[in-house]
$ cat upload_36.cif   # mmCIF, C-alpha atoms (C1' of nucleotides)
data_query
#
loop_
_atom_site.group_PDB
_atom_site.id
_atom_site.type_symbol
_atom_site.label_atom_id
_atom_site.label_comp_id
_atom_site.auth_asym_id
_atom_site.auth_seq_id
_atom_site.Cartn_x
_atom_site.Cartn_y
_atom_site.Cartn_z
ATOM 1 C CA MET D 1 12.607 6.819 -31.154
ATOM 2 C CA ALA D 2 8.849 6.633 -31.039
ATOM 3 C CA THR D 3 8.453 7.397 -34.718
ATOM 4 C CA ILE D 4 8.573 3.868 -36.073
ATOM 5 C CA ASN D 5 4.925 3.093 -36.645
ATOM 6 C CA ILE D 6 5.080 0.131 -38.957
ATOM 7 C CA ASN D 7 3.748 -2.669 -36.779
ATOM 8 C CA GLY D 8 2.180 -0.808 -33.905
ATOM 9 C CA ASN D 9 5.528 -0.524 -32.157
ATOM 10 C CA ILE D 10 4.572 2.818 -30.695
ATOM 11 C CA GLN D 11 1.733 1.317 -28.720
ATOM 12 C CA GLU D 12 4.007 -1.408 -27.408
ATOM 13 C CA ALA D 13 6.636 1.088 -26.340
ATOM 14 C CA SER D 14 4.249 3.430 -24.550
ATOM 15 C CA CYS D 15 2.517 0.376 -23.199
ATOM 16 C CA ASP D 16 5.502 -0.379 -20.988
ATOM 17 C CA GLN D 17 5.425 3.052 -19.434
ATOM 18 C CA GLU D 18 1.704 2.828 -18.891
ATOM 19 C CA LEU D 19 1.987 -0.610 -17.342
ATOM 20 C CA ALA D 20 4.631 0.736 -14.987
ATOM 21 C CA ALA D 21 2.302 3.579 -14.029
ATOM 22 C CA ILE D 22 -0.528 1.131 -13.436
ATOM 23 C CA LYS D 23 1.777 -0.963 -11.314
ATOM 24 C CA ASP D 24 2.646 2.088 -9.244
ATOM 25 C CA SER D 25 -1.028 2.781 -8.689
ATOM 26 C CA LEU D 26 -1.877 -0.786 -7.835
ATOM 27 C CA GLU D 27 0.923 -1.010 -5.325
ATOM 28 C CA ILE D 28 -0.912 1.593 -3.306
ATOM 29 C CA LEU D 29 -4.485 0.607 -4.038
ATOM 30 C CA GLY D 30 -3.869 -3.111 -4.140
ATOM 31 C CA GLY D 31 -2.956 -4.206 -0.642
ATOM 32 C CA LYS D 32 -5.446 -5.444 1.874
ATOM 33 C CA TRP D 33 -5.327 -2.473 4.203
ATOM 34 C CA LYS D 34 -4.087 0.716 2.542
ATOM 35 C CA LEU D 35 -7.425 1.786 1.146
ATOM 36 C CA ARG D 36 -9.257 0.869 4.326
ATOM 37 C CA ILE D 37 -6.882 3.060 6.294
ATOM 38 C CA MET D 38 -7.166 5.939 3.836
ATOM 39 C CA ARG D 39 -10.937 5.774 3.810
ATOM 40 C CA HIS D 40 -11.116 5.540 7.563
ATOM 41 C CA LEU D 41 -8.890 8.547 8.017
ATOM 42 C CA ASN D 42 -11.012 10.434 5.515
ATOM 43 C CA ASN D 43 -14.214 9.514 7.360
ATOM 44 C CA HIS D 44 -12.777 10.679 10.662
ATOM 45 C CA VAL D 45 -10.995 13.832 9.634
ATOM 46 C CA GLY D 46 -10.780 16.354 12.449
ATOM 47 C CA GLU D 47 -10.528 13.667 15.106
ATOM 48 C CA LYS D 48 -7.410 12.613 16.947
ATOM 49 C CA ASN D 49 -6.619 9.460 15.005
ATOM 50 C CA THR D 50 -4.053 7.829 17.219
ATOM 51 C CA PHE D 51 -2.450 4.490 16.463
ATOM 52 C CA LYS D 52 -4.545 2.746 19.085
ATOM 53 C CA LYS D 53 -7.771 4.371 17.923
ATOM 54 C CA LEU D 54 -7.113 3.265 14.363
ATOM 55 C CA GLN D 55 -6.355 -0.253 15.486
ATOM 56 C CA ARG D 56 -9.587 -0.355 17.456
ATOM 57 C CA GLU D 57 -11.732 1.048 14.657
ATOM 58 C CA ILE D 58 -10.246 -0.665 11.622
ATOM 59 C CA GLU D 59 -11.655 -4.096 12.164
ATOM 60 C CA GLY D 60 -9.225 -6.978 12.102
ATOM 61 C CA ILE D 61 -5.949 -5.163 11.495
ATOM 62 C CA SER D 62 -2.926 -6.140 13.560
ATOM 63 C CA ALA D 63 -0.457 -3.685 15.028
ATOM 64 C CA LYS D 64 2.219 -4.960 12.700
ATOM 65 C CA MET D 65 0.198 -4.373 9.553
ATOM 66 C CA LEU D 66 -1.134 -1.033 10.730
ATOM 67 C CA SER D 67 2.387 0.135 11.481
ATOM 68 C CA LYS D 68 3.787 -1.077 8.183
ATOM 69 C CA GLU D 69 0.963 0.265 6.064
ATOM 70 C CA LEU D 70 1.042 3.666 7.753
ATOM 71 C CA GLN D 71 4.769 3.885 7.047
ATOM 72 C CA ASP D 72 4.192 3.042 3.388
ATOM 73 C CA LEU D 73 1.434 5.610 3.108
ATOM 74 C CA GLU D 74 3.553 8.244 4.808
ATOM 75 C CA MET D 75 6.487 7.583 2.461
ATOM 76 C CA ASN D 76 4.104 8.097 -0.432
ATOM 77 C CA LEU D 77 2.955 11.422 1.053
ATOM 78 C CA LEU D 78 -0.612 10.180 1.330
ATOM 79 C CA VAL D 79 -0.752 10.237 5.131
ATOM 80 C CA SER D 80 0.956 12.508 7.625
ATOM 81 C CA ARG D 81 2.243 11.460 11.016
ATOM 82 C CA THR D 82 2.414 13.800 13.991
ATOM 83 C CA VAL D 83 3.961 12.925 17.333
ATOM 84 C CA MET D 84 2.098 14.675 20.157
ATOM 85 C CA ASP D 85 4.143 15.388 23.273
ATOM 86 C CA THR D 86 1.615 13.943 25.659
ATOM 87 C CA ARG D 87 2.447 11.572 28.459
ATOM 88 C CA PRO D 88 2.689 8.868 27.398
ATOM 89 C CA VAL D 89 3.307 9.917 23.828
ATOM 90 C CA THR D 90 0.530 9.584 21.280
ATOM 91 C CA VAL D 91 0.888 9.775 17.531
ATOM 92 C CA ASN D 92 -1.704 11.344 15.327
ATOM 93 C CA TYR D 93 -2.307 10.293 11.749
ATOM 94 C CA SER D 94 -4.262 12.155 9.134
ATOM 95 C CA ILE D 95 -4.777 12.042 5.419
ATOM 96 C CA THR D 96 -2.918 14.657 3.403
ATOM 97 C CA ASP D 97 -4.399 16.911 0.760
ATOM 98 C CA TYR D 98 -2.512 14.894 -1.795
ATOM 99 C CA GLY D 99 -3.930 11.736 -0.248
ATOM 100 C CA LEU D 100 -7.391 12.898 -1.199
ATOM 101 C CA SER D 101 -6.411 12.458 -4.839
ATOM 102 C CA VAL D 102 -6.787 8.693 -4.579
ATOM 103 C CA PHE D 103 -10.525 8.883 -4.053
ATOM 104 C CA PRO D 104 -11.496 9.858 -7.596
ATOM 105 C CA VAL D 105 -9.495 6.838 -8.717
ATOM 106 C CA THR D 106 -11.099 4.490 -6.221
ATOM 107 C CA GLU D 107 -14.497 5.812 -7.238
ATOM 108 C CA THR D 108 -13.989 4.540 -10.789
ATOM 109 C CA LEU D 109 -13.018 1.186 -9.286
ATOM 110 C CA VAL D 110 -16.182 1.178 -7.183
ATOM 111 C CA GLN D 111 -18.378 1.953 -10.177
ATOM 112 C CA TRP D 112 -16.764 -0.635 -12.420
ATOM 113 C CA GLY D 113 -16.848 -3.239 -9.664
ATOM 114 C CA LEU D 114 -20.533 -2.683 -8.963
ATOM 115 C CA ASN D 115 -21.374 -2.823 -12.636
ATOM 116 C CA HIS D 116 -19.256 -5.933 -13.056
ATOM 117 C CA ARG D 117 -21.071 -7.742 -10.268
ATOM 118 C CA GLN D 118 -24.345 -7.034 -12.065
ATOM 119 C CA LYS D 119 -22.885 -8.185 -15.352
ATOM 120 C CA ILE D 120 -21.578 -11.451 -13.944
ATOM 121 C CA LYS D 121 -24.631 -12.548 -12.003
ATOM 122 C CA ALA D 122 -26.849 -11.835 -15.030
ATOM 123 C CA MET K 1 -31.592 0.247 8.040
ATOM 124 C CA ALA K 2 -29.243 2.872 6.751
ATOM 125 C CA THR K 3 -31.013 5.659 8.611
ATOM 126 C CA ILE K 4 -29.028 5.519 11.834
ATOM 127 C CA ASN K 5 -26.675 8.417 11.464
ATOM 128 C CA ILE K 6 -25.487 8.962 14.987
ATOM 129 C CA ASN K 7 -21.818 8.104 14.721
ATOM 130 C CA GLY K 8 -21.274 8.066 11.003
ATOM 131 C CA ASN K 9 -22.521 4.510 10.790
ATOM 132 C CA ILE K 10 -23.933 5.082 7.341
ATOM 133 C CA GLN K 11 -20.560 5.792 5.855
ATOM 134 C CA GLU K 12 -19.130 2.710 7.512
ATOM 135 C CA ALA K 13 -21.934 0.538 6.180
ATOM 136 C CA SER K 14 -21.727 1.746 2.589
ATOM 137 C CA CYS K 15 -17.973 1.617 2.955
ATOM 138 C CA ASP K 16 -18.120 -2.163 3.160
ATOM 139 C CA GLN K 17 -20.048 -2.431 -0.081
ATOM 140 C CA GLU K 18 -17.680 -0.070 -1.800
ATOM 141 C CA LEU K 19 -14.650 -1.938 -0.515
ATOM 142 C CA ALA K 20 -16.160 -5.147 -1.855
ATOM 143 C CA ALA K 21 -16.657 -3.502 -5.231
ATOM 144 C CA ILE K 22 -13.075 -2.259 -5.189
ATOM 145 C CA LYS K 23 -11.911 -5.733 -4.317
ATOM 146 C CA ASP K 24 -13.835 -7.124 -7.287
ATOM 147 C CA SER K 25 -12.169 -4.620 -9.567
ATOM 148 C CA LEU K 26 -8.712 -5.241 -8.195
ATOM 149 C CA GLU K 27 -9.078 -8.980 -8.593
ATOM 150 C CA ILE K 28 -9.242 -8.379 -12.318
ATOM 151 C CA LEU K 29 -6.870 -5.467 -12.626
ATOM 152 C CA GLY K 30 -4.494 -6.577 -9.917
ATOM 153 C CA GLY K 31 -2.736 -9.689 -11.116
ATOM 154 C CA LYS K 32 0.557 -9.677 -12.930
ATOM 155 C CA TRP K 33 -0.764 -10.648 -16.344
ATOM 156 C CA LYS K 34 -4.462 -9.910 -16.828
ATOM 157 C CA LEU K 35 -4.031 -6.323 -17.916
ATOM 158 C CA ARG K 36 -1.078 -7.159 -20.140
ATOM 159 C CA ILE K 37 -3.192 -9.765 -21.887
ATOM 160 C CA MET K 38 -6.166 -7.448 -22.266
ATOM 161 C CA ARG K 39 -4.044 -4.649 -23.640
ATOM 162 C CA HIS K 40 -2.237 -6.961 -26.019
ATOM 163 C CA LEU K 41 -5.487 -8.345 -27.371
ATOM 164 C CA ASN K 42 -6.759 -4.814 -27.798
ATOM 165 C CA ASN K 43 -3.627 -3.789 -29.682
ATOM 166 C CA HIS K 44 -3.933 -6.763 -32.006
ATOM 167 C CA VAL K 45 -7.650 -6.853 -32.670
ATOM 168 C CA GLY K 46 -8.496 -8.347 -36.049
ATOM 169 C CA GLU K 47 -5.543 -10.745 -35.946
ATOM 170 C CA LYS K 48 -5.682 -14.443 -35.208
ATOM 171 C CA ASN K 49 -4.542 -14.376 -31.615
ATOM 172 C CA THR K 50 -3.798 -18.001 -30.966
ATOM 173 C CA PHE K 51 -2.490 -19.314 -27.667
ATOM 174 C CA LYS K 52 0.987 -19.749 -29.082
ATOM 175 C CA LYS K 53 1.027 -16.312 -30.677
ATOM 176 C CA LEU K 54 0.044 -14.732 -27.384
ATOM 177 C CA GLN K 55 2.708 -16.649 -25.535
ATOM 178 C CA ARG K 56 5.317 -15.532 -28.046
ATOM 179 C CA GLU K 57 4.274 -11.890 -27.996
ATOM 180 C CA ILE K 58 3.521 -11.365 -24.311
ATOM 181 C CA GLU K 59 7.024 -11.311 -23.020
ATOM 182 C CA GLY K 60 7.838 -13.613 -20.149
ATOM 183 C CA ILE K 61 4.504 -15.322 -19.618
ATOM 184 C CA SER K 62 4.442 -19.073 -19.089
ATOM 185 C CA ALA K 63 1.895 -21.409 -20.637
ATOM 186 C CA LYS K 64 0.450 -22.132 -17.248
ATOM 187 C CA MET K 65 -0.201 -18.508 -16.397
ATOM 188 C CA LEU K 66 -1.465 -17.647 -19.866
ATOM 189 C CA SER K 67 -3.912 -20.519 -19.710
ATOM 190 C CA LYS K 68 -5.098 -19.690 -16.235
ATOM 191 C CA GLU K 69 -5.444 -15.981 -16.832
ATOM 192 C CA LEU K 70 -7.310 -16.493 -20.100
ATOM 193 C CA GLN K 71 -9.756 -18.760 -18.286
ATOM 194 C CA ASP K 72 -10.307 -16.169 -15.596
ATOM 195 C CA LEU K 73 -10.851 -13.451 -18.159
ATOM 196 C CA GLU K 74 -13.254 -15.627 -20.129
ATOM 197 C CA MET K 75 -15.286 -16.423 -16.998
ATOM 198 C CA ASN K 76 -15.544 -12.705 -16.388
ATOM 199 C CA LEU K 77 -16.805 -12.171 -19.953
ATOM 200 C CA LEU K 78 -13.854 -9.934 -20.752
ATOM 201 C CA VAL K 79 -12.278 -12.244 -23.326
ATOM 202 C CA SER K 80 -13.860 -14.700 -25.760
ATOM 203 C CA ARG K 81 -12.388 -18.020 -26.775
ATOM 204 C CA THR K 82 -12.989 -19.659 -30.155
ATOM 205 C CA VAL K 83 -11.810 -23.111 -31.107
ATOM 206 C CA MET K 84 -10.945 -23.258 -34.815
ATOM 207 C CA ASP K 85 -11.297 -26.680 -36.396
ATOM 208 C CA THR K 86 -7.880 -26.672 -37.978
ATOM 209 C CA ARG K 87 -5.493 -29.580 -37.782
ATOM 210 C CA PRO K 88 -4.084 -29.543 -35.262
ATOM 211 C CA VAL K 89 -6.615 -27.395 -33.465
ATOM 212 C CA THR K 90 -5.856 -23.762 -32.800
ATOM 213 C CA VAL K 91 -7.723 -21.529 -30.398
ATOM 214 C CA ASN K 92 -8.402 -17.903 -31.069
ATOM 215 C CA TYR K 93 -8.771 -15.325 -28.299
ATOM 216 C CA SER K 94 -10.188 -11.857 -28.582
ATOM 217 C CA ILE K 95 -11.340 -9.112 -26.294
ATOM 218 C CA THR K 96 -15.094 -8.697 -25.901
ATOM 219 C CA ASP K 97 -17.032 -5.464 -26.220
ATOM 220 C CA TYR K 98 -17.566 -5.609 -22.500
ATOM 221 C CA GLY K 99 -13.852 -6.158 -22.034
ATOM 222 C CA LEU K 100 -13.239 -2.753 -23.543
ATOM 223 C CA SER K 101 -14.919 -1.228 -20.484
ATOM 224 C CA VAL K 102 -11.811 -1.834 -18.376
ATOM 225 C CA PHE K 103 -9.723 0.648 -20.338
ATOM 226 C CA PRO K 104 -11.353 3.824 -19.028
ATOM 227 C CA VAL K 105 -10.619 2.467 -15.555
ATOM 228 C CA THR K 106 -7.026 1.617 -16.329
ATOM 229 C CA GLU K 107 -6.595 5.045 -17.848
ATOM 230 C CA THR K 108 -7.334 6.678 -14.503
ATOM 231 C CA LEU K 109 -4.759 4.359 -12.956
ATOM 232 C CA VAL K 110 -2.209 5.366 -15.580
ATOM 233 C CA GLN K 111 -2.812 9.058 -14.997
ATOM 234 C CA TRP K 112 -2.646 8.798 -11.227
ATOM 235 C CA GLY K 113 0.433 6.590 -11.405
ATOM 236 C CA LEU K 114 2.283 8.976 -13.707
ATOM 237 C CA ASN K 115 1.379 11.933 -11.539
ATOM 238 C CA HIS K 116 2.384 10.033 -8.427
ATOM 239 C CA ARG K 117 5.808 9.246 -9.812
ATOM 240 C CA GLN K 118 6.341 12.961 -10.413
ATOM 241 C CA LYS K 119 5.099 13.748 -6.935
ATOM 242 C CA ILE K 120 7.389 11.246 -5.244
ATOM 243 C CA LYS K 121 10.616 12.062 -7.031
ATOM 244 C CA ALA K 122 10.059 15.784 -6.391
ATOM 245 C "C1'" DC G 1 -1.076 -26.967 -30.633
ATOM 246 C "C1'" DG G 2 -3.334 -26.001 -26.341
ATOM 247 C "C1'" DG G 3 -3.350 -26.926 -22.402
ATOM 248 C "C1'" DA G 4 -3.199 -29.692 -17.251
ATOM 249 C "C1'" DA G 5 -0.389 -31.497 -13.342
ATOM 250 C "C1'" DT G 6 3.158 -31.068 -10.246
ATOM 251 C "C1'" DC G 7 6.704 -29.060 -7.537
ATOM 252 C "C1'" DC G 8 8.645 -25.010 -5.420
ATOM 253 C "C1'" DG G 9 10.214 -20.352 -3.940
ATOM 254 C "C1'" DG G 10 8.829 -15.706 -2.433
ATOM 255 C "C1'" DC G 11 5.983 -12.568 -0.394
ATOM 256 C "C1'" DC G 12 1.818 -10.957 1.804
ATOM 257 C "C1'" DC G 13 -0.290 -11.255 5.829
ATOM 258 C "C1'" DG G 14 -1.841 -13.050 10.598
ATOM 259 C "C1'" DA G 15 -0.691 -14.432 15.553
ATOM 260 C "C1'" DT G 16 2.042 -13.892 19.300
ATOM 261 C "C1'" DA G 17 5.440 -11.971 22.245
ATOM 262 C "C1'" DC G 18 8.459 -8.296 23.469
ATOM 263 C "C1'" DT G 19 10.421 -3.154 23.905
ATOM 264 C "C1'" DG G 20 10.842 2.036 25.022
ATOM 265 C "C1'" DC B 1 0.883 4.212 23.897
ATOM 266 C "C1'" DA B 2 3.286 3.047 19.792
ATOM 267 C "C1'" DG B 3 5.428 0.285 17.870
ATOM 268 C "C1'" DT B 4 9.262 -4.082 16.609
ATOM 269 C "C1'" DA B 5 10.729 -9.167 16.256
ATOM 270 C "C1'" DT B 6 9.852 -13.639 15.151
ATOM 271 C "C1'" DC B 7 7.447 -17.481 13.372
ATOM 272 C "C1'" DG B 8 4.620 -19.522 10.139
ATOM 273 C "C1'" DG B 9 0.611 -20.336 6.685
ATOM 274 C "C1'" DG B 10 -1.372 -19.355 2.222
ATOM 275 C "C1'" DC B 11 -1.397 -17.869 -2.214
ATOM 276 C "C1'" DC B 12 0.665 -15.942 -6.422
ATOM 277 C "C1'" DG B 13 3.435 -17.030 -9.917
ATOM 278 C "C1'" DG B 14 7.745 -19.514 -12.232
ATOM 279 C "C1'" DA B 15 9.915 -24.024 -14.151
ATOM 280 C "C1'" DT B 16 9.263 -28.314 -15.706
ATOM 281 C "C1'" DT B 17 6.873 -32.240 -17.320
ATOM 282 C "C1'" DC B 18 3.043 -34.745 -19.355
ATOM 283 C "C1'" DC B 19 -1.463 -35.379 -22.157
ATOM 284 C "C1'" DG B 20 -5.103 -35.312 -26.293
#

$ encode --input "upload_36.cif" --output "structure tokens"
Amino acid sequence: MATININGNIQEASCDQELAAIKDSLEILGGKWKLRIMRHLNNHVGEKNTFKKLQREIEGISAKMLSKELQDLEMNLLVSRTVMDTRPVTVNYSITDYGLSVFPVTETLVQWGLNHRQKIKA
Amino acid sequence: MATININGNIQEASCDQELAAIKDSLEILGGKWKLRIMRHLNNHVGEKNTFKKLQREIEGISAKMLSKELQDLEMNLLVSRTVMDTRPVTVNYSITDYGLSVFPVTETLVQWGLNHRQKIKA
DNA sequence: CGGAATCCGGCCCGATACTG
DNA sequence: CAGTATCGGGCCGGATTCCG
């Protein structure tokens, strides 16, 4: 099916798959808060990152957004959620090993973004 | 100014710059059409990529969005615009050398996205 | 042909109030 | 403490129409 090469049809076909993959990536990297949360968790690994602590330390985030974004990240296996049986209950969030895999990707975004800012202002 | 290291303040400070750089990158990679346009232009380099040809070949895009996105890309030096003095006038778009620099970045997004899809469905 | 102008719906996100 | 419910604004993007 991918053998017809007459007019560059192969590139167009694979292009769709690649665009879908990019979309998947951007859905996680693209929001306003997901990367902030991931980076914060990574900078505070080893601490008890409770919901309230995160809300205090991640400047400007509302409880609603923090809750929603943490659920998204957990569904994507990037963040783990642990209910501690304290009184009253606290919940501890931490980045997963798999979650660390986003940082090489974000690093390329950082480098390109920095370079682009130079390019544009020149 | 970045020497105060008591509570991890350095990471937080540089974090802001990096998040700004990421935001810059995502503003270009993030929209619905910019990457499709860039990739299409790259797959059809050497052809006369007129506005109408792009609108025909980039499936689903409206004139309004194509116009707007091309302007954005041109302002960011990623795409060049050439008015041909035909009658009636046609305009030719092509990707710039600098524009090619986005593809290494998108490639990391493709790889992570493909891997993530595997990870999630497992 | 290559746009610009306008209207409009959906969704992301913030503010506020409430629950177990 | 750890969320959920509700309301609403803003912006992205689609459909349509008009201009040089």

$ residues_near_point --input "upload_36.cif" --point "(-8.1, -12.9, -13.3)" --cutoff "7 Å" --atoms "all atoms listed in the file" --output "short mmCIF file (atom, residue, chain, number, x, y, z; two decimals) with C-alpha atoms, keeping the file's coordinate frame"
data_model
loop_
_atom_site.label_atom_id
_atom_site.label_comp_id
_atom_site.auth_asym_id
_atom_site.auth_seq_id
_atom_site.Cartn_x
_atom_site.Cartn_y
_atom_site.Cartn_z
CA GLU K 27 -9.08 -8.98 -8.59
CA ILE K 28 -9.24 -8.38 -12.32
CA GLY K 31 -2.74 -9.69 -11.12
CA LYS K 34 -4.46 -9.91 -16.83
CA GLU K 69 -5.44 -15.98 -16.83
CA ASP K 72 -10.31 -16.17 -15.60
CA LEU K 73 -10.85 -13.45 -18.16
#

$ interface_residues --input "upload_36.cif" --of "chain K" --to "chain G" --cutoff "7 Å" --atoms "all atoms listed in the file" --output "ChimeraX atom specification"
/K:51,67,88-90

$ resolve_selection --input "upload_36.cif" --expression "the PyMOL selection byres ((chain K) within 7 of (chain D))" --output "list in words"
Glu18, Ala21, Ile22, Asp24, Ser25, Leu26, Gly30, Asn76, Val105, Thr108, Leu109, Val110, Trp112, Gly113, Leu114 and Ile120 of chain K

$ atom_distance --input "upload_36.cif" --atom1 "atom CA of Met84 of chain D" --atom2 "atom CA of Lys52 of chain D"
13.7 Å

$ atom_distance --input "upload_36.cif" --atom1 "atom CA of Leu70 of chain K" --atom2 "atom CA of Ala122 of chain D"
20.7 Å

$ atom_distance --input "upload_36.cif" --atom1 "atom CA of Gly99 of chain K" --atom2 "atom CA of Trp33 of chain K"
15.0 Å

$ interface_residues --input "upload_36.cif" --of "chain B" --to "chain K" --cutoff "12 Å" --atoms "only C-alpha atoms (C1' of nucleotides)" --output "list in words"
DC12, DG13, DG14, DA15, DT16, DT17 and DG20 of chain B

$ residues_around --input "upload_36.cif" --residues "Val45 of chain D" --least-positions-apart "6" --cutoff "10 Å" --atoms "all atoms listed in the file" --output "short mmCIF file (atom, residue, chain, number, x, y, z; two decimals) with C-alpha atoms, keeping the file's coordinate frame"
data_model
loop_
_atom_site.label_atom_id
_atom_site.label_comp_id
_atom_site.auth_asym_id
_atom_site.auth_seq_id
_atom_site.Cartn_x
_atom_site.Cartn_y
_atom_site.Cartn_z
CA ARG D 39 -10.94 5.77 3.81
CA TYR D 93 -2.31 10.29 11.75
CA SER D 94 -4.26 12.16 9.13
CA ILE D 95 -4.78 12.04 5.42
#

$ decode --input "upload_36.cif" --residues "segment 1-13 of chain B" --atoms "N, CA and C atoms (P, O5', C5', C4', C3', O3' and C1' of nucleotides)" --output "short mmCIF file (atom, residue, chain, number, x, y, z; two decimals), in the first residue's frame"
data_model
loop_
_atom_site.label_atom_id
_atom_site.label_comp_id
_atom_site.auth_asym_id
_atom_site.auth_seq_id
_atom_site.Cartn_x
_atom_site.Cartn_y
_atom_site.Cartn_z
P DC B 1 -4.60 22.15 54.32
"O5'" DC B 1 -5.37 20.75 54.28
"C5'" DC B 1 -4.68 19.61 54.69
"C4'" DC B 1 -5.15 18.44 53.85
"C3'" DC B 1 -4.92 18.62 52.35
"O3'" DC B 1 -4.48 17.38 51.80
"C1'" DC B 1 -7.25 18.35 52.78
P DA B 2 -3.93 17.30 50.28
"O5'" DA B 2 -5.19 16.93 49.40
"C5'" DA B 2 -5.83 15.68 49.62
"C4'" DA B 2 -7.08 15.60 48.79
"C3'" DA B 2 -6.90 15.97 47.31
"O3'" DA B 2 -7.61 15.05 46.50
"C1'" DA B 2 -8.64 17.20 48.23
P DG B 3 -7.18 14.92 44.92
"O5'" DG B 3 -7.58 16.31 44.28
"C5'" DG B 3 -8.64 16.33 43.35
"C4'" DG B 3 -9.98 16.45 44.06
"C3'" DG B 3 -11.12 16.81 43.15
"O3'" DG B 3 -11.71 15.64 42.62
"C1'" DG B 3 -11.26 17.87 45.29
P DT B 4 -12.44 15.79 41.17
"O5'" DT B 4 -13.92 16.36 41.37
"C5'" DT B 4 -14.83 15.77 42.28
"C4'" DT B 4 -16.07 16.65 42.36
"C3'" DT B 4 -16.65 17.04 40.99
"O3'" DT B 4 -18.06 16.83 41.06
"C1'" DT B 4 -16.26 18.98 42.27
P DA B 5 -18.99 17.01 39.74
"O5'" DA B 5 -19.64 18.45 39.91
"C5'" DA B 5 -19.98 18.96 41.21
"C4'" DA B 5 -20.88 20.17 41.06
"C3'" DA B 5 -21.44 20.40 39.66
"O3'" DA B 5 -22.72 21.00 39.77
"C1'" DA B 5 -19.96 22.18 40.21
P DT B 6 -23.59 21.22 38.38
"O5'" DT B 6 -23.45 22.79 38.14
"C5'" DT B 6 -23.47 23.67 39.28
"C4'" DT B 6 -23.09 25.07 38.88
"C3'" DT B 6 -23.47 25.48 37.45
"O3'" DT B 6 -24.21 26.69 37.50
"C1'" DT B 6 -21.23 26.08 37.94
P DC B 7 -25.01 27.21 36.15
"O5'" DC B 7 -24.23 28.57 35.81
"C5'" DC B 7 -23.92 29.47 36.88
"C4'" DC B 7 -22.83 30.43 36.46
"C3'" DC B 7 -22.99 30.99 35.03
"O3'" DC B 7 -23.11 32.40 35.09
"C1'" DC B 7 -20.76 30.22 35.43
P DG B 8 -23.61 33.19 33.74
"O5'" DG B 8 -22.21 33.71 33.19
"C5'" DG B 8 -21.25 34.27 34.07
"C4'" DG B 8 -19.90 34.38 33.38
"C3'" DG B 8 -19.97 34.82 31.91
"O3'" DG B 8 -19.09 35.89 31.71
"C1'" DG B 8 -18.60 32.91 32.15
P DG B 9 -19.26 36.85 30.42
"O5'" DG B 9 -17.74 37.12 30.02
"C5'" DG B 9 -16.79 37.38 31.04
"C4'" DG B 9 -15.38 37.07 30.55
"C3'" DG B 9 -15.06 37.59 29.15
"O3'" DG B 9 -13.73 38.08 29.14
"C1'" DG B 9 -14.80 35.24 29.19
P DG B 10 -13.24 38.95 27.88
"O5'" DG B 10 -12.16 38.01 27.17
"C5'" DG B 10 -11.28 37.23 27.98
"C4'" DG B 10 -10.49 36.27 27.10
"C3'" DG B 10 -10.18 36.80 25.70
"O3'" DG B 10 -8.88 36.38 25.33
"C1'" DG B 10 -11.44 34.80 25.54
P DC B 11 -8.14 37.07 24.09
"O5'" DC B 11 -7.54 35.84 23.28
"C5'" DC B 11 -7.27 34.61 23.95
"C4'" DC B 11 -7.53 33.43 23.04
"C3'" DC B 11 -7.24 33.69 21.55
"O3'" DC B 11 -6.60 32.55 21.01
"C1'" DC B 11 -9.41 32.85 21.80
P DC B 12 -5.64 32.64 19.74
"O5'" DC B 12 -5.81 31.21 19.06
"C5'" DC B 12 -5.91 30.04 19.86
"C4'" DC B 12 -6.86 29.05 19.19
"C3'" DC B 12 -6.64 28.90 17.69
"O3'" DC B 12 -6.56 27.52 17.37
"C1'" DC B 12 -8.92 29.40 18.13
P DG B 13 -5.95 27.07 15.95
"O5'" DG B 13 -7.26 26.88 15.08
"C5'" DG B 13 -8.25 25.96 15.50
"C4'" DG B 13 -9.55 26.24 14.78
"C3'" DG B 13 -9.45 26.36 13.25
"O3'" DG B 13 -10.38 25.47 12.67
"C1'" DG B 13 -10.75 28.09 14.13
#
